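These notes are about the structure you will find just below.
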2 protein chains.
Amino acid sequence: MDQRAFWTCTARPMTTPNISNDSGSPSNVPEVVIQRLPLYVRALSQFSDSGNNVISSEQLGRRLQMTPAQIRKDLSYFGRFGKQGRGYNVASLEQRLRSILGLDRAWNTTVIGMGRLGRAVVSYPGFAPEGFNIVAAFDADDDIVGQTISGLDVQSISALSEIVKEKDIKIGIVTVPVEHAQEVIDALVDAGIKSILNYAPLSPKVPDGVTVRGIDPVLSLQSMTYYINE
Amino acid sequence: MDQRAFWTCTARPMTTPNISNDSGSPSNVPEVVIQRLPLYVRALSQFSDSGNNVISSEQLGRRLQMTPAQIRKDLSYFGRFGKQGRGYNVASLEQRLRSILGLDRAWNTTVIGMGRLGRAVVSYPGFAPEGFNIVAAFDADDDIVGQTISGLDVQSISALSEIVKEKDIKIGIVTVPVEHAQEVIDALVDAGIKSILNYAPLSPKVPDGVTVRGIDPVLSLQSMTYYINE
């Protein structure tokens with residue numbers, strides 16, 4: 001019986017692991033706060049597009065369905081942004097949050113597993129505009145290796161480590177069947193990858209310093225039926 | 001400029017809307033608690049498979065990377081389960097949580113949008129064993145309507161309302177491009193659907209009483225780069 005923990009984003013520990021980094025960012029920011037920052041960036045970008053230069057935490061809260069107090073508290077982890085009663089400067093807050101999150105640069109990304117899901121992921125048009133460039137695709141099946149999918153030559157997973165280094169890949173997206181997910185994640189970790197997006201319905205074991213986010217539609221469905229169960 | 005809010009599961013309001021239902025379940029349970037219950041069910045099912053009849057909140061906590069206090073607090077919303085110092089009866093707690101969540105029955109489900117992502121979703125083997133039966137597939141493209149995909153005859157979206165009633169469909173999964181997502185979600189709501197899993201990167205407007213969960217890999221990626229940004 002597999003004793004590994006199962007999880008999703010909502011069940012992860014409420015504080016980040018004590019990761020030291022060189023960016024000067026606080027390492028004790030709760031993980032849920034980090035997970036909300038991309039929403040702030042997205043909302044600020046929209047406010048900016050619509051010509052707002054300054055917004056209040058109330059306006060941001062209405063947009064994000066959060067309380068203004070929560071927003072002020074989240075942002076307070078990273079210093080002082082707004083002036084009391086004056087609101088936030090939209091452009092500078094967005095720029096600062098992008099910098100904190102590392103969204104002011106591009107990230108080379110790879111997808112492992114070129115079945116239906118992997119093909120959907122590499123063809124998804126939403127990654128590249130946000131700076132996530134899928135630069136390599138891998139599969140274990142000799143019949144798939146060598147195919148060109150969405151402009152990528154599918155490589156053998158045995159070449160993973162070499163290509164991760166060659167292409168400076170920092171993020172791995174795992175779209176293999178659940179029974180192969182742990183071994184693929186082990187291979188990504190061995191290759192030096194520290195950020196993994198995992199579509200397989202299990203919580204992989206990873207060493208400290210490696211972050212995994214899971215995408216698990218079954219768990220999402222299972223928490224909606226509560227509201228329609230009569 | 002679209003003024004709708006953007007969101008993910010982690011940024012939704014921390015309390016549920018005041019939904020009345022007939023199941024006798026408390027309507028004031030925080031949404032994050034509801035979202036964790038499926039994880040408890042999954043872990044309890046594993047403990048049961050491995051021959052454990054009784055477990056402590058400490059054991060459950062280790063499995064789920066949560067504190068025992070959090071688990072006890074979550075469960076306390078639904079009554080008293082364990083006896084002080086005796087732990088939980090695995091089978092009866094699992095059964096009770098399945099009943100609360102509505103996982104002791106099957107739910108007819110439909111997928112709208114038969115592009116690459118929709119095809120990946122309907123072929124995903126993880127839904128049916130958990131009671132989510134995909135019984136219909138829809139698309140707006142006349143070239144796709146009439147095809148058989150994973151055993152489903154793709155129907156025109158104009159037939160949605162009729163087929164939702166005919167097949168007693170309770171859940172909709174939206175896999176259309178972002179520019180069509182709101183209209184498709186409106187059509188699902190008009191057809192009487194109250195639970196929607198949305199893969200498009202926007203927060204749709206829905207009336208009270210309709211629950212939407214978003215699956216947004218870009219937001220997940222954006223909150224991981226924080227940890228590798230140097």
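Just so we're on the same page: first chain in the structure tokens is A, next is B, and so on; residues restart at 1 for each chain, and ligands are numbered from 1 in the order they show up.
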
Q: Looking only at strand (DSSP E) from DSSP on the backbone, list the matching residues of range 80-144 of chain B as a ChimeraX atom specification.
A: /B:88-89,107-112,132-139

Just fit chain A onto chain B on all the Cα atoms, in order, by least squares, and give it as a PDB file with C-alpha atoms, in the first residue's frame.
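Output file superposed.pdb is given in full below:
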ATOM      1  CA  MET A   1     -12.888  46.194 -20.763  1.00  0.00           C
ATOM      2  CA  ASP A   2     -14.273  43.142 -19.095  1.00  0.00           C
ATOM      3  CA  GLN A   3     -14.907  43.876 -15.429  1.00  0.00           C
ATOM      4  CA  ARG A   4     -15.507  40.282 -14.402  1.00  0.00           C
ATOM      5  CA  ALA A   5     -13.422  38.906 -11.601  1.00  0.00           C
ATOM      6  CA  PHE A   6     -10.645  36.433 -12.214  1.00  0.00           C
ATOM      7  CA  TRP A   7     -10.086  33.680  -9.712  1.00  0.00           C
ATOM      8  CA  THR A   8      -9.014  30.200  -8.819  1.00  0.00           C
ATOM      9  CA  CYS A   9      -9.941  27.854  -6.086  1.00  0.00           C
ATOM     10  CA  THR A  10      -7.493  29.493  -3.746  1.00  0.00           C
ATOM     11  CA  ALA A  11      -8.895  32.968  -4.209  1.00  0.00           C
ATOM     12  CA  ARG A  12     -12.554  32.259  -3.810  1.00  0.00           C
ATOM     13  CA  PRO A  13     -14.333  33.712  -0.807  1.00  0.00           C
ATOM     14  CA  MET A  14     -13.480  31.753   2.308  1.00  0.00           C
ATOM     15  CA  THR A  15     -17.102  31.027   3.158  1.00  0.00           C
ATOM     16  CA  THR A  16     -19.657  29.328   0.995  1.00  0.00           C
ATOM     17  CA  PRO A  17     -22.566  31.280  -0.401  1.00  0.00           C
ATOM     18  CA  ASN A  18     -25.615  30.861   1.750  1.00  0.00           C
ATOM     19  CA  ILE A  19     -26.993  27.959  -0.183  1.00  0.00           C
ATOM     20  CA  SER A  20     -29.958  26.231   1.343  1.00  0.00           C
ATOM     21  CA  ASN A  21     -30.295  22.594   0.523  1.00  0.00           C
ATOM     22  CA  ASP A  22     -32.362  19.663   1.611  1.00  0.00           C
ATOM     23  CA  SER A  23     -29.575  17.401   2.780  1.00  0.00           C
ATOM     24  CA  GLY A  24     -29.397  18.753   6.275  1.00  0.00           C
ATOM     25  CA  SER A  25     -25.764  19.725   5.696  1.00  0.00           C
ATOM     26  CA  PRO A  26     -24.705  22.955   7.333  1.00  0.00           C
ATOM     27  CA  SER A  27     -24.702  25.787   4.799  1.00  0.00           C
ATOM     28  CA  ASN A  28     -22.090  27.875   6.623  1.00  0.00           C
ATOM     29  CA  VAL A  29     -19.129  25.543   6.198  1.00  0.00           C
ATOM     30  CA  PRO A  30     -16.144  27.415   4.742  1.00  0.00           C
ATOM     31  CA  GLU A  31     -15.514  26.512   1.156  1.00  0.00           C
ATOM     32  CA  VAL A  32     -11.894  25.537   1.841  1.00  0.00           C
ATOM     33  CA  VAL A  33     -13.206  22.893   4.245  1.00  0.00           C
ATOM     34  CA  ILE A  34     -15.516  21.473   1.590  1.00  0.00           C
ATOM     35  CA  GLN A  35     -12.565  21.405  -0.800  1.00  0.00           C
ATOM     36  CA  ARG A  36     -10.529  19.360   1.670  1.00  0.00           C
ATOM     37  CA  LEU A  37     -13.206  16.722   2.315  1.00  0.00           C
ATOM     38  CA  PRO A  38     -12.459  14.791  -0.911  1.00  0.00           C
ATOM     39  CA  LEU A  39      -8.847  14.484   0.249  1.00  0.00           C
ATOM     40  CA  TYR A  40     -10.015  12.970   3.512  1.00  0.00           C
ATOM     41  CA  VAL A  41     -12.188  10.513   1.605  1.00  0.00           C
ATOM     42  CA  ARG A  42      -9.263   9.500  -0.598  1.00  0.00           C
ATOM     43  CA  ALA A  43      -6.914   9.057   2.345  1.00  0.00           C
ATOM     44  CA  LEU A  44      -9.494   7.101   4.357  1.00  0.00           C
ATOM     45  CA  SER A  45     -10.101   4.819   1.400  1.00  0.00           C
ATOM     46  CA  GLN A  46      -6.367   4.118   1.253  1.00  0.00           C
ATOM     47  CA  PHE A  47      -6.167   3.463   4.988  1.00  0.00           C
ATOM     48  CA  SER A  48      -9.092   1.095   4.632  1.00  0.00           C
ATOM     49  CA  ASP A  49      -7.430  -0.734   1.715  1.00  0.00           C
ATOM     50  CA  SER A  50      -4.326  -1.224   3.809  1.00  0.00           C
ATOM     51  CA  GLY A  51      -6.293  -2.827   6.630  1.00  0.00           C
ATOM     52  CA  ASN A  52      -6.572   0.037   9.125  1.00  0.00           C
ATOM     53  CA  ASN A  53      -9.885   0.087  10.970  1.00  0.00           C
ATOM     54  CA  VAL A  54      -9.136   3.029  13.239  1.00  0.00           C
ATOM     55  CA  ILE A  55      -6.877   6.016  12.647  1.00  0.00           C
ATOM     56  CA  SER A  56      -5.973   9.109  14.602  1.00  0.00           C
ATOM     57  CA  SER A  57      -6.094  12.694  13.380  1.00  0.00           C
ATOM     58  CA  GLU A  58      -2.286  12.577  13.696  1.00  0.00           C
ATOM     59  CA  GLN A  59      -2.071   9.723  11.173  1.00  0.00           C
ATOM     60  CA  LEU A  60      -4.497  11.449   8.833  1.00  0.00           C
ATOM     61  CA  GLY A  61      -2.520  14.655   9.241  1.00  0.00           C
ATOM     62  CA  ARG A  62       0.762  12.990   8.348  1.00  0.00           C
ATOM     63  CA  ARG A  63      -0.812  11.519   5.235  1.00  0.00           C
ATOM     64  CA  LEU A  64      -2.271  14.855   4.135  1.00  0.00           C
ATOM     65  CA  GLN A  65       0.491  17.174   5.333  1.00  0.00           C
ATOM     66  CA  MET A  66      -1.929  18.980   7.634  1.00  0.00           C
ATOM     67  CA  THR A  67      -2.046  19.538  11.366  1.00  0.00           C
ATOM     68  CA  PRO A  68      -4.248  17.198  13.445  1.00  0.00           C
ATOM     69  CA  ALA A  69      -5.939  20.316  14.881  1.00  0.00           C
ATOM     70  CA  GLN A  70      -6.975  21.461  11.406  1.00  0.00           C
ATOM     71  CA  ILE A  71      -8.440  18.060  10.624  1.00  0.00           C
ATOM     72  CA  ARG A  72     -10.403  17.925  13.885  1.00  0.00           C
ATOM     73  CA  LYS A  73     -11.714  21.431  13.252  1.00  0.00           C
ATOM     74  CA  ASP A  74     -12.745  20.634   9.676  1.00  0.00           C
ATOM     75  CA  LEU A  75     -14.625  17.524  10.747  1.00  0.00           C
ATOM     76  CA  SER A  76     -16.295  19.291  13.667  1.00  0.00           C
ATOM     77  CA  TYR A  77     -18.505  21.194  11.196  1.00  0.00           C
ATOM     78  CA  PHE A  78     -20.316  17.944  10.519  1.00  0.00           C
ATOM     79  CA  GLY A  79     -20.761  16.547  14.014  1.00  0.00           C
ATOM     80  CA  ARG A  80     -18.726  14.348  16.311  1.00  0.00           C
ATOM     81  CA  PHE A  81     -16.854  11.527  14.659  1.00  0.00           C
ATOM     82  CA  GLY A  82     -13.968  10.231  16.758  1.00  0.00           C
ATOM     83  CA  LYS A  83     -13.954   9.500  20.457  1.00  0.00           C
ATOM     84  CA  GLN A  84     -11.383  11.466  22.460  1.00  0.00           C
ATOM     85  CA  GLY A  85      -8.155   9.490  22.389  1.00  0.00           C
ATOM     86  CA  ARG A  86      -9.692   6.638  20.414  1.00  0.00           C
ATOM     87  CA  GLY A  87      -9.321   7.886  16.833  1.00  0.00           C
ATOM     88  CA  TYR A  88     -11.752   7.635  13.968  1.00  0.00           C
ATOM     89  CA  ASN A  89     -13.464   4.536  12.647  1.00  0.00           C
ATOM     90  CA  VAL A  90     -12.095   4.538   9.095  1.00  0.00           C
ATOM     91  CA  ALA A  91     -15.053   2.925   7.340  1.00  0.00           C
ATOM     92  CA  SER A  92     -17.769   4.929   9.018  1.00  0.00           C
ATOM     93  CA  LEU A  93     -15.974   8.261   8.651  1.00  0.00           C
ATOM     94  CA  GLU A  94     -15.368   7.573   4.951  1.00  0.00           C
ATOM     95  CA  GLN A  95     -18.987   6.566   4.451  1.00  0.00           C
ATOM     96  CA  ARG A  96     -20.245   9.654   6.264  1.00  0.00           C
ATOM     97  CA  LEU A  97     -18.035  12.029   4.300  1.00  0.00           C
ATOM     98  CA  ARG A  98     -19.025  10.382   1.010  1.00  0.00           C
ATOM     99  CA  SER A  99     -22.644  10.877   1.966  1.00  0.00           C
ATOM    100  CA  ILE A 100     -22.086  14.550   2.877  1.00  0.00           C
ATOM    101  CA  LEU A 101     -20.315  15.189  -0.430  1.00  0.00           C
ATOM    102  CA  GLY A 102     -22.766  13.178  -2.500  1.00  0.00           C
ATOM    103  CA  LEU A 103     -20.122  10.675  -3.516  1.00  0.00           C
ATOM    104  CA  ASP A 104     -22.277   7.694  -2.631  1.00  0.00           C
ATOM    105  CA  ARG A 105     -24.123   8.076  -5.930  1.00  0.00           C
ATOM    106  CA  ALA A 106     -23.266   8.605  -9.610  1.00  0.00           C
ATOM    107  CA  TRP A 107     -23.467  11.976 -11.376  1.00  0.00           C
ATOM    108  CA  ASN A 108     -24.208  12.355 -15.062  1.00  0.00           C
ATOM    109  CA  THR A 109     -21.772  14.791 -16.575  1.00  0.00           C
ATOM    110  CA  THR A 110     -21.297  16.457 -19.952  1.00  0.00           C
ATOM    111  CA  VAL A 111     -18.297  17.976 -21.693  1.00  0.00           C
ATOM    112  CA  ILE A 112     -18.723  21.021 -23.946  1.00  0.00           C
ATOM    113  CA  GLY A 113     -15.985  21.617 -26.509  1.00  0.00           C
ATOM    114  CA  MET A 114     -14.455  18.674 -28.375  1.00  0.00           C
ATOM    115  CA  GLY A 115     -11.104  20.198 -29.304  1.00  0.00           C
ATOM    116  CA  ARG A 116      -7.873  18.652 -28.043  1.00  0.00           C
ATOM    117  CA  LEU A 117      -8.610  19.426 -24.414  1.00  0.00           C
ATOM    118  CA  GLY A 118     -12.200  18.130 -24.559  1.00  0.00           C
ATOM    119  CA  ARG A 119     -11.003  14.929 -26.211  1.00  0.00           C
ATOM    120  CA  ALA A 120      -8.429  14.474 -23.459  1.00  0.00           C
ATOM    121  CA  VAL A 121     -11.116  15.021 -20.822  1.00  0.00           C
ATOM    122  CA  VAL A 122     -13.656  12.541 -22.244  1.00  0.00           C
ATOM    123  CA  SER A 123     -10.936   9.910 -22.613  1.00  0.00           C
ATOM    124  CA  TYR A 124      -9.564  10.423 -19.087  1.00  0.00           C
ATOM    125  CA  PRO A 125     -10.059   7.157 -17.195  1.00  0.00           C
ATOM    126  CA  GLY A 126     -10.232   8.788 -13.752  1.00  0.00           C
ATOM    127  CA  PHE A 127     -13.797  10.124 -13.798  1.00  0.00           C
ATOM    128  CA  ALA A 128     -16.009   7.035 -14.124  1.00  0.00           C
ATOM    129  CA  PRO A 129     -14.533   5.052 -11.202  1.00  0.00           C
ATOM    130  CA  GLU A 130     -15.363   8.026  -8.967  1.00  0.00           C
ATOM    131  CA  GLY A 131     -18.977   8.142 -10.125  1.00  0.00           C
ATOM    132  CA  PHE A 132     -18.674  10.922 -12.697  1.00  0.00           C
ATOM    133  CA  ASN A 133     -20.161   9.439 -15.845  1.00  0.00           C
ATOM    134  CA  ILE A 134     -19.635  11.494 -18.981  1.00  0.00           C
ATOM    135  CA  VAL A 135     -22.850  10.775 -20.859  1.00  0.00           C
ATOM    136  CA  ALA A 136     -22.824  13.480 -23.535  1.00  0.00           C
ATOM    137  CA  ALA A 137     -20.383  15.624 -25.515  1.00  0.00           C
ATOM    138  CA  PHE A 138     -21.113  18.830 -27.393  1.00  0.00           C
ATOM    139  CA  ASP A 139     -19.427  21.090 -29.885  1.00  0.00           C
ATOM    140  CA  ALA A 140     -20.412  24.120 -31.944  1.00  0.00           C
ATOM    141  CA  ASP A 141     -18.471  23.027 -35.059  1.00  0.00           C
ATOM    142  CA  ASP A 142     -20.600  21.234 -37.688  1.00  0.00           C
ATOM    143  CA  ASP A 143     -17.535  19.253 -38.762  1.00  0.00           C
ATOM    144  CA  ILE A 144     -17.177  17.780 -35.278  1.00  0.00           C
ATOM    145  CA  VAL A 145     -20.866  17.280 -34.507  1.00  0.00           C
ATOM    146  CA  GLY A 146     -21.805  13.723 -35.451  1.00  0.00           C
ATOM    147  CA  GLN A 147     -18.325  12.300 -34.811  1.00  0.00           C
ATOM    148  CA  THR A 148     -17.962   9.538 -32.236  1.00  0.00           C
ATOM    149  CA  ILE A 149     -15.318  10.415 -29.631  1.00  0.00           C
ATOM    150  CA  SER A 150     -14.520   7.983 -26.827  1.00  0.00           C
ATOM    151  CA  GLY A 151     -17.845   6.290 -27.491  1.00  0.00           C
ATOM    152  CA  LEU A 152     -19.888   9.499 -27.358  1.00  0.00           C
ATOM    153  CA  ASP A 153     -21.793  10.907 -30.347  1.00  0.00           C
ATOM    154  CA  VAL A 154     -20.868  14.590 -30.387  1.00  0.00           C
ATOM    155  CA  GLN A 155     -24.047  16.678 -30.382  1.00  0.00           C
ATOM    156  CA  SER A 156     -24.762  20.196 -31.480  1.00  0.00           C
ATOM    157  CA  ILE A 157     -24.703  22.678 -28.658  1.00  0.00           C
ATOM    158  CA  SER A 158     -28.183  23.785 -29.764  1.00  0.00           C
ATOM    159  CA  ALA A 159     -29.467  20.502 -28.320  1.00  0.00           C
ATOM    160  CA  LEU A 160     -27.859  21.108 -24.923  1.00  0.00           C
ATOM    161  CA  SER A 161     -30.930  21.969 -22.890  1.00  0.00           C
ATOM    162  CA  GLU A 162     -32.975  19.088 -24.268  1.00  0.00           C
ATOM    163  CA  ILE A 163     -30.251  16.500 -23.661  1.00  0.00           C
ATOM    164  CA  VAL A 164     -29.431  17.780 -20.167  1.00  0.00           C
ATOM    165  CA  LYS A 165     -33.025  17.059 -19.207  1.00  0.00           C
ATOM    166  CA  GLU A 166     -33.282  13.789 -21.143  1.00  0.00           C
ATOM    167  CA  LYS A 167     -30.104  12.371 -19.583  1.00  0.00           C
ATOM    168  CA  ASP A 168     -30.494  13.945 -16.144  1.00  0.00           C
ATOM    169  CA  ILE A 169     -27.122  15.689 -16.422  1.00  0.00           C
ATOM    170  CA  LYS A 170     -26.051  17.557 -13.275  1.00  0.00           C
ATOM    171  CA  ILE A 171     -22.470  18.657 -14.030  1.00  0.00           C
ATOM    172  CA  GLY A 172     -20.954  20.483 -17.002  1.00  0.00           C
ATOM    173  CA  ILE A 173     -17.267  20.515 -17.933  1.00  0.00           C
ATOM    174  CA  VAL A 174     -16.289  23.447 -20.152  1.00  0.00           C
ATOM    175  CA  THR A 175     -13.363  22.896 -22.514  1.00  0.00           C
ATOM    176  CA  VAL A 176     -14.103  25.540 -25.161  1.00  0.00           C
ATOM    177  CA  PRO A 177     -11.711  28.395 -26.044  1.00  0.00           C
ATOM    178  CA  VAL A 178     -11.810  31.294 -23.611  1.00  0.00           C
ATOM    179  CA  GLU A 179     -13.701  33.578 -25.992  1.00  0.00           C
ATOM    180  CA  HIS A 180     -16.676  31.182 -26.018  1.00  0.00           C
ATOM    181  CA  ALA A 181     -16.566  30.137 -22.364  1.00  0.00           C
ATOM    182  CA  GLN A 182     -19.058  32.642 -20.946  1.00  0.00           C
ATOM    183  CA  GLU A 183     -21.730  31.928 -23.561  1.00  0.00           C
ATOM    184  CA  VAL A 184     -21.340  28.165 -23.045  1.00  0.00           C
ATOM    185  CA  ILE A 185     -21.574  28.593 -19.283  1.00  0.00           C
ATOM    186  CA  ASP A 186     -24.684  30.736 -19.736  1.00  0.00           C
ATOM    187  CA  ALA A 187     -26.185  27.944 -21.819  1.00  0.00           C
ATOM    188  CA  LEU A 188     -25.364  25.370 -19.121  1.00  0.00           C
ATOM    189  CA  VAL A 189     -26.967  27.561 -16.457  1.00  0.00           C
ATOM    190  CA  ASP A 190     -30.045  28.068 -18.663  1.00  0.00           C
ATOM    191  CA  ALA A 191     -30.247  24.296 -18.997  1.00  0.00           C
ATOM    192  CA  GLY A 192     -30.381  23.980 -15.208  1.00  0.00           C
ATOM    193  CA  ILE A 193     -26.793  22.936 -14.468  1.00  0.00           C
ATOM    194  CA  LYS A 194     -25.568  24.075 -11.038  1.00  0.00           C
ATOM    195  CA  SER A 195     -22.002  22.638 -10.993  1.00  0.00           C
ATOM    196  CA  ILE A 196     -19.476  23.659 -13.621  1.00  0.00           C
ATOM    197  CA  LEU A 197     -15.838  22.721 -14.034  1.00  0.00           C
ATOM    198  CA  ASN A 198     -14.257  25.431 -16.173  1.00  0.00           C
ATOM    199  CA  TYR A 199     -10.969  24.940 -18.014  1.00  0.00           C
ATOM    200  CA  ALA A 200     -11.038  28.381 -19.673  1.00  0.00           C
ATOM    201  CA  PRO A 201      -8.868  31.082 -18.064  1.00  0.00           C
ATOM    202  CA  LEU A 202     -11.630  33.431 -16.980  1.00  0.00           C
ATOM    203  CA  SER A 203     -14.007  33.754 -14.090  1.00  0.00           C
ATOM    204  CA  PRO A 204     -17.460  33.440 -15.544  1.00  0.00           C
ATOM    205  CA  LYS A 205     -20.464  35.313 -14.251  1.00  0.00           C
ATOM    206  CA  VAL A 206     -22.971  32.888 -12.803  1.00  0.00           C
ATOM    207  CA  PRO A 207     -26.092  33.391 -10.701  1.00  0.00           C
ATOM    208  CA  ASP A 208     -26.216  32.560  -6.992  1.00  0.00           C
ATOM    209  CA  GLY A 209     -26.562  28.861  -6.380  1.00  0.00           C
ATOM    210  CA  VAL A 210     -24.255  27.855  -9.234  1.00  0.00           C
ATOM    211  CA  THR A 211     -20.773  26.634  -8.268  1.00  0.00           C
ATOM    212  CA  VAL A 212     -17.844  26.974 -10.660  1.00  0.00           C
ATOM    213  CA  ARG A 213     -14.389  25.512 -10.142  1.00  0.00           C
ATOM    214  CA  GLY A 214     -11.585  26.627 -12.396  1.00  0.00           C
ATOM    215  CA  ILE A 215      -8.651  24.621 -13.682  1.00  0.00           C
ATOM    216  CA  ASP A 216      -5.971  27.115 -14.683  1.00  0.00           C
ATOM    217  CA  PRO A 217      -2.452  25.754 -15.194  1.00  0.00           C
ATOM    218  CA  VAL A 218      -0.985  29.206 -15.908  1.00  0.00           C
ATOM    219  CA  LEU A 219      -1.896  30.431 -12.424  1.00  0.00           C
ATOM    220  CA  SER A 220      -0.313  27.308 -10.938  1.00  0.00           C
ATOM    221  CA  LEU A 221       2.878  27.893 -12.902  1.00  0.00           C
ATOM    222  CA  GLN A 222       2.952  31.559 -11.932  1.00  0.00           C
ATOM    223  CA  SER A 223       2.916  30.754  -8.239  1.00  0.00           C
ATOM    224  CA  MET A 224       5.774  28.233  -8.551  1.00  0.00           C
ATOM    225  CA  THR A 225       8.265  30.538 -10.194  1.00  0.00           C
ATOM    226  CA  TYR A 226       8.364  32.512  -6.933  1.00  0.00           C
ATOM    227  CA  TYR A 227      10.365  29.657  -5.436  1.00  0.00           C
ATOM    228  CA  ILE A 228      12.898  29.367  -8.261  1.00  0.00           C
ATOM    229  CA  ASN A 229      13.274  33.063  -9.015  1.00  0.00           C
ATOM    230  CA  GLU A 230      16.766  34.168  -8.123  1.00  0.00           C
TER     231      GLU A 230
END

Q. What are the DSSP helix (DSSP H, G or I) residues of range 63-191 of chain B, as a PyMOL selection string?
A. chain B and resi 63-64+68-76+90-101+116-123+128-130+157-166+178-190
